[in-house]
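Trainee: Provided herewith is a single structure, encoded as structure tokens, for subsequent inquiry.
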Amino acid sequence: MRGNKVKTALGAIAILALSACGSDAADTTENGGKSQISERYVKAILGIGEHEAGYIDAYYGPEAWADDVKNNKKSLTELKKEVASLQKLVEETAPTAKSKIEKKRFIFLTKQLIAADARIRMLEGEKFSFDEETRLLFDAVAPKVTKEELEAALTKLEDIVEGDGPLRERYLAFTQQYNIPADKLDAVFDAAIQACKTKTAEHLDLPQNESFTTEFVTDKPWSGYNWYQGGANSLIQVNTDLPSPMSAAVNLGCHEGYPGHHVYNAMLEQKLVNERGWTEYSVYPLYSPQSFIAEGTASYGRFMAFPGNEQNEFEKAVLYPLAGLNPAKGDKYRDTLAALKGLSYARIEGARRYLDGDLTREETIEWLARYNLISRERAEQSLDFIETYRGYVINYTLGADLSKAYVDKHGGNDHSARWDAYEKLLSEPFTASMMKD
């Protein structure tokens, strides 16, 4: 992996070798033999990964299973048949679930297999509309937003963004004052991630020996990425192609680290794989309903860790000085960023129109730059992400909104209860449609 600086955190931990669990609730007898749904599911997902680089976001299950898949590579046609067989078996086995969480397990598996089938069909060349693709892959469809609604949101920002000239130029000029100098990135991100961890640890029992490594990289279509290694260990990469604004430190620290991706993956490993023996969670297919929960909870994580105005106060007190920036306009910076809420679905709508063929590439770059108030360079990077990951783009904004709705519904205004609700999203089987219960 490319990178110019590597920093080790608390230390490494050996990746666990997990075996199939014979007493697994999903291991049932069919025609006199064990079906072992977990093992078959993992191997099917790994098999798809043999046909698409990047499909497997994480795997820390038995090496023997991965070796078997590589040594006995199946065609897409064979994998499609295997997925269909698993769908039938899951449907037949689901009634044996006795507890609520076991029932959720089978619903989750059903949704994951629907996504696996759709991904195989896409690899075979089948085309879906944007909304159908996201429904199949992520169990969710994002609401549409009109150009008129976005223009109205821009109008509301006219009196909020200071300076002279066109709105986007004013916004860029104002926010550029709060870019973190390149030589300060290390210190600022370290402090932000540590604060995110401290806040999270006050409410969640983090797995023992959890750790992460931070790496600064370039030439990526994303701003940050968590590569989960297993054993409660992650590699967190931060893309430095473009300047990092002050807000990115806490946002990425919470999203990629605490209580976001790092904690999500570590909790699933501890609670579902290690404690329950649900080995299917040892593989994480990127294009699946699991990503909706992963990205949604990660995007909402900073609001859990820093409720109210706490993020702004922490940035002014700690991060601004570390970055060598003046915190005097910190409140104005916060208010300006908050005012962009009306534009939050602009990127999704741009992606929908581009991938459905309603906008050209150049028109999409202009759309993203105008309605996200970003530079052309950042709009091009955003479009690179859309071209690479397609409908995945819905998982951030819509995922965060549904995570908030779930926490609001089950936690109300009680801070402790809100964390209890958030922890359930991190450590139990969930998909987008399941969050509505």
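Please note that chains go A, B, ... in the order of the structure tokens, that every chain numbers its residues from 1, and that ligands are numbered from 1 in the order shown.
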Check the DSSP output for the backbone and give back, as a short mmCIF file (atom, residue, chain, number, x, y, z; two decimals) with N, CA, C and O atoms, in the first residue's frame, the residues of stretch 54-275 of chain A in strand (DSSP E).
Mentor:
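What follows is the written file out.cif:
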data_model
loop_
_atom_site.label_atom_id
_atom_site.label_comp_id
_atom_site.auth_asym_id
_atom_site.auth_seq_id
_atom_site.Cartn_x
_atom_site.Cartn_y
_atom_site.Cartn_z
N ILE A 56 -13.97 -8.06 -1.20
CA ILE A 56 -13.77 -8.48 0.18
C ILE A 56 -13.09 -7.34 0.93
O ILE A 56 -11.92 -7.04 0.73
N ASP A 57 -13.85 -6.70 1.81
CA ASP A 57 -13.31 -5.59 2.59
C ASP A 57 -12.48 -6.11 3.75
O ASP A 57 -11.50 -5.47 4.15
N ALA A 58 -12.87 -7.24 4.32
CA ALA A 58 -12.12 -7.83 5.44
C ALA A 58 -12.42 -9.31 5.52
O ALA A 58 -13.54 -9.75 5.24
N TYR A 59 -11.39 -10.08 5.88
CA TYR A 59 -11.58 -11.51 6.16
C TYR A 59 -10.56 -11.93 7.21
O TYR A 59 -9.37 -11.71 7.05
N ASN A 179 -7.82 24.92 6.73
CA ASN A 179 -7.14 23.71 6.29
C ASN A 179 -5.95 23.44 7.21
O ASN A 179 -5.23 24.36 7.61
N ILE A 180 -5.75 22.18 7.55
CA ILE A 180 -4.66 21.81 8.45
C ILE A 180 -3.35 21.77 7.65
O ILE A 180 -3.26 21.08 6.63
N SER A 211 -6.39 -2.25 18.72
CA SER A 211 -5.36 -1.31 18.32
C SER A 211 -5.56 -0.92 16.85
O SER A 211 -6.32 -1.56 16.13
N PHE A 212 -4.85 0.10 16.44
CA PHE A 212 -4.91 0.54 15.05
C PHE A 212 -3.57 1.11 14.64
O PHE A 212 -2.75 1.50 15.47
N THR A 213 -3.35 1.16 13.35
CA THR A 213 -2.20 1.82 12.76
C THR A 213 -2.72 2.89 11.81
O THR A 213 -3.66 2.64 11.06
N THR A 214 -2.14 4.07 11.86
CA THR A 214 -2.54 5.15 10.97
C THR A 214 -1.48 5.34 9.88
O THR A 214 -0.29 5.32 10.16
N GLU A 215 -1.95 5.53 8.64
CA GLU A 215 -1.05 5.70 7.52
C GLU A 215 -1.59 6.81 6.62
O GLU A 215 -2.79 6.83 6.30
N PHE A 216 -0.73 7.73 6.21
CA PHE A 216 -1.11 8.78 5.28
C PHE A 216 -0.75 8.33 3.86
O PHE A 216 0.38 7.90 3.61
N VAL A 217 -1.73 8.41 2.95
CA VAL A 217 -1.55 7.90 1.60
C VAL A 217 -1.98 8.94 0.57
O VAL A 217 -2.51 10.01 0.93
N GLY A 224 -10.71 8.71 3.51
CA GLY A 224 -10.19 7.86 4.57
C GLY A 224 -10.70 6.44 4.38
O GLY A 224 -11.73 6.22 3.74
N TYR A 225 -9.98 5.47 4.93
CA TYR A 225 -10.40 4.08 4.78
C TYR A 225 -9.91 3.29 5.98
O TYR A 225 -8.78 3.49 6.44
N ASN A 226 -10.77 2.39 6.49
CA ASN A 226 -10.37 1.48 7.55
C ASN A 226 -10.26 0.08 6.97
O ASN A 226 -11.23 -0.46 6.45
N TRP A 227 -9.07 -0.49 7.07
CA TRP A 227 -8.86 -1.86 6.63
C TRP A 227 -8.78 -2.72 7.89
O TRP A 227 -7.78 -2.71 8.60
N TYR A 228 -9.86 -3.45 8.17
CA TYR A 228 -9.89 -4.25 9.39
C TYR A 228 -9.07 -5.51 9.20
O TYR A 228 -9.23 -6.23 8.21
N GLN A 229 -8.17 -5.78 10.16
CA GLN A 229 -7.23 -6.88 10.05
C GLN A 229 -7.64 -8.13 10.82
O GLN A 229 -7.04 -9.18 10.68
N GLY A 230 -8.68 -8.02 11.66
CA GLY A 230 -9.03 -9.10 12.56
C GLY A 230 -8.28 -8.94 13.88
O GLY A 230 -7.32 -8.17 13.99
N ASN A 233 -7.81 -5.35 15.39
CA ASN A 233 -6.73 -4.52 14.87
C ASN A 233 -7.10 -3.95 13.51
O ASN A 233 -7.64 -4.66 12.66
N SER A 234 -6.85 -2.65 13.29
CA SER A 234 -7.20 -1.98 12.03
C SER A 234 -6.02 -1.20 11.48
O SER A 234 -5.15 -0.73 12.23
N LEU A 235 -6.01 -1.04 10.17
CA LEU A 235 -5.14 -0.08 9.49
C LEU A 235 -6.04 1.06 9.01
O LEU A 235 -6.96 0.83 8.22
N ILE A 236 -5.80 2.26 9.51
CA ILE A 236 -6.58 3.43 9.10
C ILE A 236 -5.73 4.27 8.17
O ILE A 236 -4.64 4.72 8.53
N GLN A 237 -6.22 4.47 6.94
CA GLN A 237 -5.50 5.29 5.96
C GLN A 237 -6.22 6.62 5.76
O GLN A 237 -7.44 6.66 5.67
N VAL A 238 -5.44 7.68 5.70
CA VAL A 238 -5.95 9.03 5.46
C VAL A 238 -5.35 9.54 4.15
O VAL A 238 -4.12 9.57 4.00
N ASN A 239 -6.20 9.93 3.21
CA ASN A 239 -5.75 10.40 1.91
C ASN A 239 -5.37 11.88 1.99
O ASN A 239 -6.17 12.71 2.42
N SER A 244 -6.64 18.88 4.03
CA SER A 244 -7.57 18.36 5.03
C SER A 244 -8.12 19.51 5.86
O SER A 244 -7.37 20.20 6.55
N PRO A 245 -9.43 19.76 5.82
CA PRO A 245 -10.01 20.82 6.63
C PRO A 245 -10.03 20.43 8.10
O PRO A 245 -9.94 19.25 8.45
#
Trainee: Using only C-alpha atoms, which residues sit within 10 Å of A:Leu337 once same-chain residues fewer than 5 positions away are excluded, as a PyMOL selection string?
Mentor: chain A and resi 161+171+175+247+331-332
Trainee: Applying 9 Å and only C-alpha atoms, which residues near A:Leu355 remain after dropping the ones on its own chain fewer than 4 positions away? List them as a list in words.
Mentor: Ser129, Phe130, Gly350, Ala351, Leu359, Ile386, Glu387, Arg390 and Gly391 of chain A
Trainee: Generate the output file for the selected residues, all heavy atoms, as a PDB file, in the first residue's frame.
Mentor:
ATOM      1  N   SER A 129     -30.959   0.045 -12.552  1.00  0.00           N
ATOM      2  CA  SER A 129     -31.051   1.477 -12.281  1.00  0.00           C
ATOM      3  C   SER A 129     -30.368   1.747 -10.943  1.00  0.00           C
ATOM      4  O   SER A 129     -30.129   0.824 -10.149  1.00  0.00           O
ATOM      5  CB  SER A 129     -32.513   1.913 -12.200  1.00  0.00           C
ATOM      6  OG  SER A 129     -33.133   1.352 -11.042  1.00  0.00           O
ATOM      7  N   PHE A 130     -30.043   2.990 -10.691  1.00  0.00           N
ATOM      8  CA  PHE A 130     -29.368   3.366  -9.440  1.00  0.00           C
ATOM      9  C   PHE A 130     -30.164   2.888  -8.229  1.00  0.00           C
ATOM     10  O   PHE A 130     -29.613   2.254  -7.316  1.00  0.00           O
ATOM     11  CB  PHE A 130     -29.193   4.884  -9.394  1.00  0.00           C
ATOM     12  CG  PHE A 130     -28.461   5.383  -8.178  1.00  0.00           C
ATOM     13  CD1 PHE A 130     -27.082   5.443  -8.154  1.00  0.00           C
ATOM     14  CD2 PHE A 130     -29.165   5.818  -7.059  1.00  0.00           C
ATOM     15  CE1 PHE A 130     -26.407   5.915  -7.039  1.00  0.00           C
ATOM     16  CE2 PHE A 130     -28.506   6.279  -5.933  1.00  0.00           C
ATOM     17  CZ  PHE A 130     -27.112   6.328  -5.928  1.00  0.00           C
ATOM     18  N   GLY A 350     -26.626  13.557  -7.518  1.00  0.00           N
ATOM     19  CA  GLY A 350     -25.715  13.660  -8.652  1.00  0.00           C
ATOM     20  C   GLY A 350     -25.274  12.289  -9.133  1.00  0.00           C
ATOM     21  O   GLY A 350     -25.197  12.031 -10.341  1.00  0.00           O
ATOM     22  N   ALA A 351     -24.985  11.394  -8.187  1.00  0.00           N
ATOM     23  CA  ALA A 351     -24.585  10.027  -8.541  1.00  0.00           C
ATOM     24  C   ALA A 351     -25.717   9.303  -9.249  1.00  0.00           C
ATOM     25  O   ALA A 351     -25.497   8.612 -10.264  1.00  0.00           O
ATOM     26  CB  ALA A 351     -24.177   9.263  -7.281  1.00  0.00           C
ATOM     27  N   LEU A 359     -26.944  12.706 -16.599  1.00  0.00           N
ATOM     28  CA  LEU A 359     -25.936  13.759 -16.594  1.00  0.00           C
ATOM     29  C   LEU A 359     -24.663  13.227 -17.237  1.00  0.00           C
ATOM     30  O   LEU A 359     -24.318  12.053 -17.060  1.00  0.00           O
ATOM     31  CB  LEU A 359     -25.603  14.206 -15.164  1.00  0.00           C
ATOM     32  CG  LEU A 359     -26.642  14.991 -14.361  1.00  0.00           C
ATOM     33  CD1 LEU A 359     -26.114  15.269 -12.955  1.00  0.00           C
ATOM     34  CD2 LEU A 359     -27.010  16.299 -15.046  1.00  0.00           C
ATOM     35  N   ILE A 386     -17.590   7.903  -7.072  1.00  0.00           N
ATOM     36  CA  ILE A 386     -18.869   7.437  -7.623  1.00  0.00           C
ATOM     37  C   ILE A 386     -18.638   6.437  -8.748  1.00  0.00           C
ATOM     38  O   ILE A 386     -19.318   5.399  -8.826  1.00  0.00           O
ATOM     39  CB  ILE A 386     -19.704   8.637  -8.104  1.00  0.00           C
ATOM     40  CG1 ILE A 386     -20.158   9.488  -6.905  1.00  0.00           C
ATOM     41  CG2 ILE A 386     -20.900   8.173  -8.932  1.00  0.00           C
ATOM     42  CD1 ILE A 386     -20.722  10.834  -7.290  1.00  0.00           C
ATOM     43  N   GLU A 387     -17.677   6.711  -9.622  1.00  0.00           N
ATOM     44  CA  GLU A 387     -17.395   5.798 -10.724  1.00  0.00           C
ATOM     45  C   GLU A 387     -16.837   4.469 -10.222  1.00  0.00           C
ATOM     46  O   GLU A 387     -17.072   3.417 -10.814  1.00  0.00           O
ATOM     47  CB  GLU A 387     -16.422   6.445 -11.700  1.00  0.00           C
ATOM     48  CG  GLU A 387     -17.042   7.602 -12.472  1.00  0.00           C
ATOM     49  CD  GLU A 387     -16.064   8.269 -13.423  1.00  0.00           C
ATOM     50  OE1 GLU A 387     -14.841   8.274 -13.116  1.00  0.00           O
ATOM     51  OE2 GLU A 387     -16.508   8.782 -14.453  1.00  0.00           O
ATOM     52  N   ARG A 390     -20.012   3.397  -7.179  1.00  0.00           N
ATOM     53  CA  ARG A 390     -21.389   3.508  -7.653  1.00  0.00           C
ATOM     54  C   ARG A 390     -22.386   3.801  -6.524  1.00  0.00           C
ATOM     55  O   ARG A 390     -22.223   4.765  -5.799  1.00  0.00           O
ATOM     56  CB  ARG A 390     -21.774   2.233  -8.429  1.00  0.00           C
ATOM     57  CG  ARG A 390     -20.925   1.994  -9.687  1.00  0.00           C
ATOM     58  CD  ARG A 390     -21.325   0.736 -10.433  1.00  0.00           C
ATOM     59  NE  ARG A 390     -22.733   0.771 -10.809  1.00  0.00           N
ATOM     60  CZ  ARG A 390     -23.215   1.383 -11.899  1.00  0.00           C
ATOM     61  NH1 ARG A 390     -22.414   2.002 -12.728  1.00  0.00           N
ATOM     62  NH2 ARG A 390     -24.513   1.363 -12.148  1.00  0.00           N
ATOM     63  N   GLY A 391     -23.404   2.942  -6.372  1.00  0.00           N
ATOM     64  CA  GLY A 391     -24.463   3.206  -5.406  1.00  0.00           C
ATOM     65  C   GLY A 391     -24.029   3.198  -3.956  1.00  0.00           C
ATOM     66  O   GLY A 391     -24.805   3.590  -3.074  1.00  0.00           O
TER      67      GLY A 391
END
Trainee: Which parts of stretch 164-389 of chain A does DSSP call alpha helix (DSSP H) when run on the backbone here, written out as an MDAnalysis selection string?
Mentor: chainID A and resid 167:175 185:201 246:252 261:268 289:305 310:314 320:323 330:338 346:355 361:372 376:389
Trainee: Convert the current residue selection to file output with C-alpha atoms, as an mmCIF file, in the first residue's frame.
Mentor:
data_model
loop_
_atom_site.group_PDB
_atom_site.id
_atom_site.type_symbol
_atom_site.label_atom_id
_atom_site.label_comp_id
_atom_site.auth_asym_id
_atom_site.auth_seq_id
_atom_site.Cartn_x
_atom_site.Cartn_y
_atom_site.Cartn_z
ATOM 1 C CA LEU A 167 -21.385 31.870 -3.040
ATOM 2 C CA ARG A 168 -19.070 28.953 -3.815
ATOM 3 C CA GLU A 169 -16.032 31.211 -4.132
ATOM 4 C CA ARG A 170 -16.891 32.849 -0.801
ATOM 5 C CA TYR A 171 -17.401 29.497 0.871
ATOM 6 C CA LEU A 172 -14.114 28.110 -0.433
ATOM 7 C CA ALA A 173 -12.206 31.252 0.531
ATOM 8 C CA PHE A 174 -13.648 31.122 4.053
ATOM 9 C CA THR A 175 -13.094 27.415 4.672
ATOM 10 C CA LEU A 185 -1.514 16.528 10.097
ATOM 11 C CA ASP A 186 0.164 13.881 12.211
ATOM 12 C CA ALA A 187 -0.262 15.697 15.519
ATOM 13 C CA VAL A 188 -3.787 16.895 14.780
ATOM 14 C CA PHE A 189 -5.091 13.507 13.648
ATOM 15 C CA ASP A 190 -3.410 11.725 16.568
ATOM 16 C CA ALA A 191 -5.084 14.044 19.058
ATOM 17 C CA ALA A 192 -8.448 13.752 17.311
ATOM 18 C CA ILE A 193 -8.397 9.951 17.178
ATOM 19 C CA GLN A 194 -7.328 9.726 20.816
ATOM 20 C CA ALA A 195 -10.186 12.022 21.839
ATOM 21 C CA CYS A 196 -12.641 9.952 19.798
ATOM 22 C CA LYS A 197 -11.366 6.845 21.570
ATOM 23 C CA THR A 198 -11.586 8.415 25.036
ATOM 24 C CA LYS A 199 -15.165 9.549 24.418
ATOM 25 C CA THR A 200 -16.152 6.132 23.081
ATOM 26 C CA ALA A 201 -14.517 4.189 25.906
ATOM 27 C CA MET A 246 -10.143 21.172 10.402
ATOM 28 C CA SER A 247 -13.461 19.305 10.544
ATOM 29 C CA ALA A 248 -11.861 16.251 8.898
ATOM 30 C CA ALA A 249 -9.746 15.351 11.934
ATOM 31 C CA VAL A 250 -12.605 14.501 14.290
ATOM 32 C CA ASN A 251 -14.885 13.412 11.451
ATOM 33 C CA LEU A 252 -12.376 10.862 10.155
ATOM 34 C CA HIS A 261 -15.432 1.283 11.562
ATOM 35 C CA HIS A 262 -12.706 0.069 13.902
ATOM 36 C CA VAL A 263 -15.108 -0.371 16.803
ATOM 37 C CA TYR A 264 -17.891 -1.765 14.601
ATOM 38 C CA ASN A 265 -15.698 -4.510 13.175
ATOM 39 C CA ALA A 266 -14.079 -5.283 16.527
ATOM 40 C CA MET A 267 -17.472 -5.517 18.254
ATOM 41 C CA LEU A 268 -18.859 -7.843 15.581
ATOM 42 C CA PRO A 289 -26.263 -4.411 3.445
ATOM 43 C CA GLN A 290 -23.530 -4.696 6.066
ATOM 44 C CA SER A 291 -21.834 -1.671 4.493
ATOM 45 C CA PHE A 292 -24.949 0.426 4.980
ATOM 46 C CA ILE A 293 -24.765 -0.196 8.730
ATOM 47 C CA ALA A 294 -20.985 0.185 8.795
ATOM 48 C CA GLU A 295 -20.975 3.531 6.982
ATOM 49 C CA GLY A 296 -24.154 4.821 8.599
ATOM 50 C CA THR A 297 -23.035 4.199 12.181
ATOM 51 C CA ALA A 298 -19.553 5.498 11.368
ATOM 52 C CA SER A 299 -20.935 8.703 9.852
ATOM 53 C CA TYR A 300 -23.210 9.240 12.858
ATOM 54 C CA GLY A 301 -20.470 8.252 15.305
ATOM 55 C CA ARG A 302 -19.081 11.742 15.769
ATOM 56 C CA PHE A 303 -22.466 12.971 16.979
ATOM 57 C CA MET A 304 -22.453 10.190 19.563
ATOM 58 C CA ALA A 305 -18.910 10.937 20.719
ATOM 59 C CA GLU A 310 -18.639 19.432 22.059
ATOM 60 C CA GLN A 311 -16.783 18.829 18.785
ATOM 61 C CA ASN A 312 -16.438 22.547 18.128
ATOM 62 C CA GLU A 313 -15.236 23.238 21.678
ATOM 63 C CA PHE A 314 -12.697 20.415 21.499
ATOM 64 C CA TYR A 320 -6.676 24.591 16.424
ATOM 65 C CA PRO A 321 -3.542 25.236 18.539
ATOM 66 C CA LEU A 322 -1.948 21.993 17.315
ATOM 67 C CA ALA A 323 -2.617 23.051 13.727
ATOM 68 C CA GLY A 330 -14.303 28.521 15.178
ATOM 69 C CA ASP A 331 -17.961 29.171 15.951
ATOM 70 C CA LYS A 332 -18.483 30.773 12.550
ATOM 71 C CA TYR A 333 -16.761 27.815 10.893
ATOM 72 C CA ARG A 334 -19.051 25.411 12.776
ATOM 73 C CA ASP A 335 -22.183 27.359 11.870
ATOM 74 C CA THR A 336 -21.178 27.581 8.212
ATOM 75 C CA LEU A 337 -20.628 23.820 7.963
ATOM 76 C CA ALA A 338 -23.904 23.132 9.766
ATOM 77 C CA ALA A 346 -26.779 16.510 -3.396
ATOM 78 C CA ARG A 347 -23.968 14.011 -3.984
ATOM 79 C CA ILE A 348 -26.352 11.058 -3.947
ATOM 80 C CA GLU A 349 -28.661 12.794 -6.415
ATOM 81 C CA GLY A 350 -25.715 13.660 -8.652
ATOM 82 C CA ALA A 351 -24.585 10.027 -8.541
ATOM 83 C CA ARG A 352 -28.095 8.795 -9.348
ATOM 84 C CA ARG A 353 -28.417 11.092 -12.363
ATOM 85 C CA TYR A 354 -24.907 10.316 -13.626
ATOM 86 C CA LEU A 355 -25.144 6.538 -13.277
ATOM 87 C CA ARG A 361 -19.359 13.423 -16.686
ATOM 88 C CA GLU A 362 -18.692 17.134 -17.028
ATOM 89 C CA GLU A 363 -22.235 18.014 -15.944
ATOM 90 C CA THR A 364 -21.798 15.812 -12.886
ATOM 91 C CA ILE A 365 -18.550 17.521 -11.913
ATOM 92 C CA GLU A 366 -20.337 20.876 -12.195
ATOM 93 C CA TRP A 367 -23.287 19.486 -10.171
ATOM 94 C CA LEU A 368 -21.037 18.235 -7.371
ATOM 95 C CA ALA A 369 -19.003 21.442 -7.265
ATOM 96 C CA ARG A 370 -22.086 23.672 -7.193
ATOM 97 C CA TYR A 371 -24.301 21.768 -4.796
ATOM 98 C CA ASN A 372 -21.574 20.596 -2.428
ATOM 99 C CA ARG A 376 -13.394 21.322 -9.068
ATOM 100 C CA GLU A 377 -10.501 19.139 -7.856
ATOM 101 C CA ARG A 378 -12.560 17.817 -4.955
ATOM 102 C CA ALA A 379 -15.575 17.355 -7.249
ATOM 103 C CA GLU A 380 -13.431 15.273 -9.581
ATOM 104 C CA GLN A 381 -12.286 13.172 -6.630
ATOM 105 C CA SER A 382 -15.908 12.763 -5.577
ATOM 106 C CA LEU A 383 -16.836 11.610 -9.071
ATOM 107 C CA ASP A 384 -13.904 9.181 -9.062
ATOM 108 C CA PHE A 385 -15.456 7.657 -5.947
ATOM 109 C CA ILE A 386 -18.869 7.437 -7.623
ATOM 110 C CA GLU A 387 -17.395 5.798 -10.724
ATOM 111 C CA THR A 388 -15.518 3.303 -8.545
ATOM 112 C CA TYR A 389 -18.151 2.467 -5.920
#
Trainee: So what do you get for atom CA of A:Glu280 versus atom CA of A:Ser38, distance-wise?
Mentor: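 So the answer is 4.8 Å.
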Trainee: Name the closest residue to A:Val393 among the candidates A:Asn413, A:Ser433, A:Thr155, A:Ser344; distances are taken between atoms, counting only C-alpha atoms.
Mentor: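 Using only C-alpha atoms, the shortest distance to A:Val393 belongs to A:Ser344.
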Trainee: Interatomic distance between atom CA of A:Gln270 and atom CA of A:Asp420?
Mentor: 16.8 Å
Trainee: Can you measure atom CA of A:Ala421 to atom CA of A:Val407 for me? One decimal in Å is fine.
Mentor: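 Atom-to-atom, atom CA of A:Ala421 to atom CA of A:Val407, that is 5.4 Å.
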Trainee: Could you check which of A:Ile107, A:Asp159, A:Thr218, A:Gln176 is closest to A:Pro95, using only C-alpha atoms?
Mentor: A:Ile107
